[in-house]
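Peer 1: The structure is given below, and queries will be raised subsequently.
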Amino acid sequence: MTIPKAIQNLIESFEKLPGVGPKTAQRLTFYLLHVPQGELDKFASSLQSLKKDTILCSNCFMINDKDPCSICSNSQRDHSLLCVVEQPLDVLALEKGRGYKGIYHVLHGKIDPLNNIGPEEIYISQLIIRLKKQDSEVKEIIIATNPTMEGEATAMYIAKQLKVQNPELKITRIGRGLPVGADLEYADDTTLQRAMEGRSEY
Ligand SMILES: [Zn+2]
């Protein structure tokens, strides 16, 4: 017996997702066969609008539904304090804590030579250009890349570049409270807040 093409196609799509093997892909597909058509239509339309209805903020590169994003365009936020993170999910984690009132810059990755990711592959030059702008109010940069080897290397690279550009700029590194090798995304609110408060100057 051959598997119908519609089923085979969906299995193959699931298999492309991270952490999903052939067995799980099959299980998910056959599970969906039992879901009412209305639910499936909702699922399909969410997938379709995922990229169509979102946009990267041209200022901080956070994912949002408008450009500039809701954080960059919020005058209540402290625009003199800028936090550099690896991923959009890190922004969500820091926002959940409500302790941080500054703005962000999302790198969309980290320097990772073993996987051929150099400084040009992530949004570092965009950060440097952003800080050079006349209307930049930034006085302090908090580098909140993950405390992994790649995250540390990325933090050091950025700090060096920024120091050369503007020796006046205060550059701090998020740190205390976060275990080495940890992922910002999975840290609890209190740990994140303590890490923010315990930042040290480069
Ligand atoms: Zn933004």
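The chains in the structure tokens are called A, B, ... from first to last as shown; in each chain the residues are counted from 1, and the ligands are counted from 1 in the order shown.
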Give me every helix (DSSP H, G or I) residue in chain A, going by DSSP on the backbone, as an MDAnalysis selection string.
Peer 2: chainID A and resid 5:15 22:32 37:52 88:97 113:115 119:121 124:132 149:165 184:186 189:197
Peer 1: Please, which residues have at least one atom within 6 Å of an atom of ligand 1, using only C-alpha atoms and all ligand atoms, listed as number ranges by chain?
Peer 2: A: 57, 59-62, 68-69, 71-72
Peer 1: Of the residues A:Val106, A:Ile174, A:Ala182, A:Ile3, which is the one nearest to A:Ile63, using only C-alpha atoms?
Peer 2: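 Selected residue with least distance to A:Ile63: A:Val106.
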Peer 1: Mind checking which residues fall within 9 Å of A:Thr54, counting only C-alpha atoms, ignoring those fewer than 5 positions away in the same chain, and posting them as a PyMOL selection string?
Peer 2: chain A and resi 49+63-66
Peer 1: Write out as an MDAnalysis selection string all residues of chain A that DSSP puts in strand (DSSP E or B) for this structure's backbone.
Peer 2: chainID A and resid 55:56 63:64 78:85 102:106 112 117 140:143 170:173 200:201
Peer 1: Write out, as an mmCIF file, in the first residue's frame, the residues just selected, with N, CA, C and O atoms.
Peer 2:
data_model
loop_
_atom_site.group_PDB
_atom_site.id
_atom_site.type_symbol
_atom_site.label_atom_id
_atom_site.label_comp_id
_atom_site.auth_asym_id
_atom_site.auth_seq_id
_atom_site.Cartn_x
_atom_site.Cartn_y
_atom_site.Cartn_z
ATOM 1 N N ILE A 55 7.156 41.639 10.348
ATOM 2 C CA ILE A 55 8.207 42.411 9.696
ATOM 3 C C ILE A 55 9.346 42.602 10.698
ATOM 4 O O ILE A 55 9.115 42.607 11.905
ATOM 5 N N LEU A 56 10.594 42.700 10.192
ATOM 6 C CA LEU A 56 11.723 42.987 11.074
ATOM 7 C C LEU A 56 11.806 44.493 11.246
ATOM 8 O O LEU A 56 11.775 45.230 10.265
ATOM 9 N N ILE A 63 11.244 41.167 15.658
ATOM 10 C CA ILE A 63 10.108 40.816 14.810
ATOM 11 C C ILE A 63 8.853 41.480 15.373
ATOM 12 O O ILE A 63 8.603 41.422 16.578
ATOM 13 N N ASN A 64 8.106 42.146 14.506
ATOM 14 C CA ASN A 64 6.928 42.875 14.946
ATOM 15 C C ASN A 64 5.945 42.967 13.798
ATOM 16 O O ASN A 64 6.231 42.516 12.695
ATOM 17 N N ASP A 78 13.307 53.989 27.893
ATOM 18 C CA ASP A 78 14.555 54.712 28.054
ATOM 19 C C ASP A 78 15.444 54.476 26.828
ATOM 20 O O ASP A 78 16.073 53.429 26.698
ATOM 21 N N HIS A 79 15.495 55.469 25.943
ATOM 22 C CA HIS A 79 16.246 55.302 24.693
ATOM 23 C C HIS A 79 17.748 55.539 24.873
ATOM 24 O O HIS A 79 18.486 55.517 23.904
ATOM 25 N N SER A 80 18.202 55.751 26.113
ATOM 26 C CA SER A 80 19.641 55.907 26.341
ATOM 27 C C SER A 80 20.276 54.566 26.720
ATOM 28 O O SER A 80 21.478 54.427 26.823
ATOM 29 N N LEU A 81 19.416 53.562 26.945
ATOM 30 C CA LEU A 81 19.886 52.245 27.387
ATOM 31 C C LEU A 81 19.527 51.213 26.325
ATOM 32 O O LEU A 81 18.356 51.038 25.991
ATOM 33 N N LEU A 82 20.563 50.564 25.761
ATOM 34 C CA LEU A 82 20.301 49.604 24.684
ATOM 35 C C LEU A 82 20.850 48.229 25.042
ATOM 36 O O LEU A 82 22.014 48.098 25.429
ATOM 37 N N CYS A 83 19.999 47.225 24.957
ATOM 38 C CA CYS A 83 20.394 45.863 25.313
ATOM 39 C C CYS A 83 20.554 45.023 24.038
ATOM 40 O O CYS A 83 19.640 44.952 23.219
ATOM 41 N N VAL A 84 21.717 44.403 23.881
ATOM 42 C CA VAL A 84 22.000 43.592 22.695
ATOM 43 C C VAL A 84 21.741 42.119 23.026
ATOM 44 O O VAL A 84 22.308 41.591 23.978
ATOM 45 N N VAL A 85 20.873 41.479 22.252
ATOM 46 C CA VAL A 85 20.561 40.062 22.499
ATOM 47 C C VAL A 85 20.757 39.241 21.222
ATOM 48 O O VAL A 85 20.829 39.798 20.130
ATOM 49 N N GLY A 102 14.640 49.832 28.819
ATOM 50 C CA GLY A 102 15.393 50.399 27.691
ATOM 51 C C GLY A 102 14.933 49.841 26.354
ATOM 52 O O GLY A 102 13.842 49.293 26.241
ATOM 53 N N ILE A 103 15.783 49.995 25.343
ATOM 54 C CA ILE A 103 15.480 49.472 24.012
ATOM 55 C C ILE A 103 16.431 48.310 23.691
ATOM 56 O O ILE A 103 17.276 47.968 24.525
ATOM 57 N N TYR A 104 16.285 47.720 22.509
ATOM 58 C CA TYR A 104 17.041 46.501 22.187
ATOM 59 C C TYR A 104 17.754 46.584 20.840
ATOM 60 O O TYR A 104 17.459 47.454 20.017
ATOM 61 N N HIS A 105 18.633 45.600 20.633
ATOM 62 C CA HIS A 105 19.150 45.319 19.291
ATOM 63 C C HIS A 105 19.281 43.797 19.188
ATOM 64 O O HIS A 105 19.967 43.179 19.999
ATOM 65 N N VAL A 106 18.593 43.218 18.206
ATOM 66 C CA VAL A 106 18.604 41.757 18.052
ATOM 67 C C VAL A 106 19.612 41.356 16.975
ATOM 68 O O VAL A 106 19.524 41.813 15.835
ATOM 69 N N ASP A 112 30.049 32.242 15.455
ATOM 70 C CA ASP A 112 30.246 30.809 15.672
ATOM 71 C C ASP A 112 31.121 30.244 14.548
ATOM 72 O O ASP A 112 30.619 29.696 13.569
ATOM 73 N N ILE A 117 29.815 31.004 10.984
ATOM 74 C CA ILE A 117 29.064 32.248 11.186
ATOM 75 C C ILE A 117 30.029 33.300 11.729
ATOM 76 O O ILE A 117 30.496 33.214 12.868
ATOM 77 N N GLU A 140 24.405 53.868 27.175
ATOM 78 C CA GLU A 140 24.920 52.610 27.716
ATOM 79 C C GLU A 140 24.435 51.435 26.882
ATOM 80 O O GLU A 140 23.263 51.367 26.505
ATOM 81 N N ILE A 141 25.379 50.498 26.636
ATOM 82 C CA ILE A 141 25.051 49.264 25.924
ATOM 83 C C ILE A 141 25.160 48.110 26.916
ATOM 84 O O ILE A 141 26.188 47.959 27.579
ATOM 85 N N ILE A 142 24.107 47.340 27.040
ATOM 86 C CA ILE A 142 24.169 46.130 27.863
ATOM 87 C C ILE A 142 24.274 44.952 26.904
ATOM 88 O O ILE A 142 23.355 44.728 26.109
ATOM 89 N N ILE A 143 25.376 44.223 26.951
ATOM 90 C CA ILE A 143 25.498 43.085 26.045
ATOM 91 C C ILE A 143 24.956 41.846 26.759
ATOM 92 O O ILE A 143 25.516 41.380 27.750
ATOM 93 N N LYS A 170 29.343 53.718 27.603
ATOM 94 C CA LYS A 170 29.445 52.755 28.699
ATOM 95 C C LYS A 170 28.987 51.397 28.172
ATOM 96 O O LYS A 170 27.880 51.285 27.629
ATOM 97 N N ILE A 171 29.826 50.390 28.322
ATOM 98 C CA ILE A 171 29.464 49.063 27.823
ATOM 99 C C ILE A 171 29.480 48.085 28.985
ATOM 100 O O ILE A 171 30.495 47.932 29.673
ATOM 101 N N THR A 172 28.330 47.444 29.233
ATOM 102 C CA THR A 172 28.265 46.493 30.334
ATOM 103 C C THR A 172 27.890 45.116 29.812
ATOM 104 O O THR A 172 27.376 44.977 28.707
ATOM 105 N N ARG A 173 28.171 44.110 30.631
ATOM 106 C CA ARG A 173 27.881 42.730 30.251
ATOM 107 C C ARG A 173 26.959 42.139 31.291
ATOM 108 O O ARG A 173 27.261 42.157 32.487
ATOM 109 N N SER A 200 28.365 44.081 34.690
ATOM 110 C CA SER A 200 29.648 44.698 34.987
ATOM 111 C C SER A 200 30.163 45.425 33.758
ATOM 112 O O SER A 200 29.822 45.084 32.634
ATOM 113 N N GLU A 201 30.997 46.424 34.011
ATOM 114 C CA GLU A 201 31.469 47.246 32.907
ATOM 115 C C GLU A 201 32.648 46.584 32.188
ATOM 116 O O GLU A 201 33.487 45.969 32.828
#
Peer 1: Please provide as a list in words all residues within 6 Å of stretch 148-163 of chain A, with the sequence filter that same-chain residues fewer than 6 positions apart are discarded (counting only C-alpha atoms).
Peer 2: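 Surrounding residues, per the criterion: Lys110, Ile111, Asp112 and Gly181 of chain A.
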Peer 1: What is the distance, in Å and to one decimal place, between atom CA of A:Leu40 and atom CA of A:Ile7?
Peer 2: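 Taking atom CA of A:Leu40 as the start and atom CA of A:Ile7 as the end point, the length is 13.8 Å.
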Peer 1: Between atom CA of A:Glu185 and atom CA of A:Pro88, what is the spacing in Å?
Peer 2: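 Between these atoms lies a distance of 9.4 Å.
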Peer 1: For A:Ala187, list every protein, DNA or RNA residue within 9 Å, evaluated using only C-alpha atoms, and leave out those in the same chain fewer than 4 positions away; present the list as a PyMOL selection string.
Peer 2: chain A and resi 93+178+182-183+191-192
Peer 1: Any chance you could export the current selection's all heavy atoms as a compact mmCIF listing (two decimals), in the first residue's frame?
Peer 2:
# COMPACT_ATOMS: atom_id res chain seq x y z
N ALA A 93 11.75 37.21 26.68
CA ALA A 93 12.11 36.77 28.03
C ALA A 93 12.39 37.97 28.92
O ALA A 93 11.91 38.05 30.06
CB ALA A 93 13.32 35.84 27.99
N LEU A 178 23.39 34.20 36.03
CA LEU A 178 23.17 33.27 34.91
C LEU A 178 24.26 32.20 34.92
O LEU A 178 25.44 32.52 34.89
CB LEU A 178 23.25 34.02 33.58
CG LEU A 178 22.03 34.84 33.17
CD1 LEU A 178 22.33 35.57 31.88
CD2 LEU A 178 20.81 33.95 32.99
N ALA A 182 24.27 28.71 29.99
CA ALA A 182 22.81 28.82 30.04
C ALA A 182 22.25 29.54 28.82
O ALA A 182 22.97 30.17 28.07
CB ALA A 182 22.39 29.57 31.29
N ASP A 183 20.98 29.44 28.65
CA ASP A 183 20.27 30.08 27.57
C ASP A 183 19.34 31.14 28.18
O ASP A 183 18.56 30.81 29.05
CB ASP A 183 19.42 29.03 26.83
CG ASP A 183 19.46 29.25 25.35
OD1 ASP A 183 19.40 30.42 24.95
OD2 ASP A 183 19.53 28.25 24.61
N THR A 191 16.06 35.55 37.95
CA THR A 191 17.46 35.37 37.55
C THR A 191 17.83 36.42 36.51
O THR A 191 18.90 37.04 36.58
CB THR A 191 17.67 33.96 36.96
OG1 THR A 191 17.21 33.01 37.91
CG2 THR A 191 19.13 33.70 36.67
N LEU A 192 16.93 36.63 35.56
CA LEU A 192 17.20 37.60 34.49
C LEU A 192 17.34 39.00 35.06
O LEU A 192 18.22 39.76 34.68
CB LEU A 192 16.06 37.58 33.47
CG LEU A 192 16.25 36.64 32.29
CD1 LEU A 192 15.06 36.74 31.37
CD2 LEU A 192 17.53 36.94 31.54
Peer 1: With distances taken over only C-alpha atoms, which of A:Glu86, A:Glu15, A:Asp188, A:Glu197 is nearest to A:Ile122?
Peer 2: A:Glu86
Peer 1: In Å, with one decimal, what is the gap from atom CA of A:His108 to atom CA of A:Tyr123?
Peer 2: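 Here the two named atoms are 6.7 Å from each other.
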Peer 1: For stretch 43-48 of chain A, find every residue with an atom within 12 Å (counting only C-alpha atoms), except residues of its own chain fewer than 6 positions away, and show them as JSON, numbers by chain.
Peer 2: {"A": [10, 32, 35, 36, 37, 54]}
Peer 1: Go ahead and write the residues just picked, C-alpha atoms, as a PDB file, in the first residue's frame.
Peer 2:
ATOM      1  CA  LEU A  10       2.929  16.794   5.196  1.00  0.00           C
ATOM      2  CA  LEU A  32      -4.026  15.850  12.274  1.00  0.00           C
ATOM      3  CA  VAL A  35      -8.702  17.103  13.774  1.00  0.00           C
ATOM      4  CA  PRO A  36     -11.879  18.861  12.476  1.00  0.00           C
ATOM      5  CA  GLN A  37     -11.456  20.659   9.147  1.00  0.00           C
ATOM      6  CA  THR A  54       5.291  40.130  10.404  1.00  0.00           C
TER       7      THR A  54
END
